[in-house]
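Scroll down for the structure; my scribbles are underneath it.
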Amino acid sequence: MTSRLVVNSVRHTGASADALTLDSSGGVTIPTKKLICPGTIVQVVQTVITDVKSYTANANTYADMPGFNCTITPSSSSNKIMIVVGIGGLHQESGTIAGKVQRGSTDIGVGDANGNRPRAGFRMYGSAIYNTNHCGSYHFTFLDSPATTSATTYKLVTMGENGTSYPVYLNRGVQDDNNAYSYRATTISTMTLYEIAA
């Protein structure tokens with residue numbers, strides 16, 4: 001025997017709004033952030049940097065990378081936040097710099113403490129690896145558990161090595177003359193935050 005429930009909307013007895021709305025064509029509308037299914041993406045926010053920037057990575061002290069941050073407000077304290085960072089054309093004249101993501105002032109996705117070694121999520125190389133004409137592309141991904149429903153800001157911080165401050169160039173290489181070569185191309189940098197239902 002076939003049974004059928006014919007309704008226009010579905011609402012819990014204690015709710016003030018419909019959980020599901022059905023239209024005459026069979027479409028189903030679910031309110032924003034209300035589809036609760038483990039592993040699904042609840043919301044996505046993104047910071048995009050397309051302009052060329054330069055700043056200094058401080059010697060042996062982590063400091064914010066200007067403008068490289070993104071804020072999300074989780075809908076549930078049990079949900080997780082997938083952090084995806086893509087850094088285009090970041091390059092310094094020599095040496096390396098260490099980079100990591102922080103939630104507020106809390107380190108996210110860093111290596112274990114080991115003696116005097118700084119803890120980082122990734123490292124970015126200078127002209128010892130790349131020709132100064134060229135620039136690198138760096139990526140970082142981590143699944144965080146912020147355990148909050150308050151607005152939460154993630155940011156990228158960097159640090160120079162060996163007591164030396166390094167100039168850093170975002171979305172370009174070190175040399176930046178106005179030539180139509182592929183290694184003079186300007187690039188893009190992003191931070192994307194995905195709220196994942198628990």
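Just so we're on the same page: first chain in the structure tokens is A, next is B, and so on; residues restart at 1 for each chain, and ligands are numbered from 1 in the order they show up.
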
Select from range 12-80 of chain A every residue with an atom at most 9 Å from any atom of range 170-194 of chain A, then for each give the shortest pair of atoms and their distance in Å to one decimal, using only C-alpha atoms, rows by chain and rising number, as CSV.
residue,atom,partner,partner_atom,distance
A:Ile41,CA,A:Tyr194,CA,6.5
A:Val42,CA,A:Tyr194,CA,7.4
A:Gln43,CA,A:Tyr194,CA,6.0
A:Val44,CA,A:Tyr194,CA,4.7
A:Val45,CA,A:Leu193,CA,5.4
A:Gln46,CA,A:Thr192,CA,4.3
A:Thr47,CA,A:Met191,CA,5.2
A:Val48,CA,A:Thr190,CA,4.6
A:Ile49,CA,A:Ser189,CA,5.1
A:Thr50,CA,A:Ile188,CA,4.8
A:Asp51,CA,A:Asn171,CA,6.9
A:Val52,CA,A:Asn171,CA,5.3
A:Lys53,CA,A:Leu170,CA,5.0
A:Ser54,CA,A:Leu170,CA,6.0
A:Tyr55,CA,A:Leu170,CA,8.4
A:Phe68,CA,A:Met191,CA,7.3
A:Asn69,CA,A:Met191,CA,7.0
A:Cys70,CA,A:Met191,CA,6.6
A:Thr71,CA,A:Leu193,CA,8.1
A:Ile72,CA,A:Leu193,CA,7.2
A:Lys80,CA,A:Tyr194,CA,8.2

**Message:** Considering only C-alpha atoms, can you say which of A:Ile196, A:Met65, A:Met1, A:Ala151 comes closest to Tyr169 in chain A?
**Reply:**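 So, comparing all the options, the nearest one is A:Met65.
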
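For the atom pair formed by CA of Thr29 in chain A and CA of Asp144 in chain A, the distance is 29.2 Å, given to one decimal.
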
**Request:** Would you mind listing what lies within 8 Å of Ser137 in chain A as JSON, numbers by chain, with only C-alpha atoms counted and same-chain residues fewer than 4 positions away left out?
**Result:** {"A": [86, 87, 88, 89, 90]}

Could those residues be written to a file, using C-alpha atoms, as a CSV table (one decimal), in the first residue's frame?
chain,number,residue,atom,x,y,z
A,86,GLY,CA,46.1,29.8,-0.3
A,87,ILE,CA,49.0,32.2,-0.4
A,88,GLY,CA,50.0,33.4,-3.9
A,89,GLY,CA,53.3,35.0,-4.8
A,90,LEU,CA,54.6,35.3,-1.3
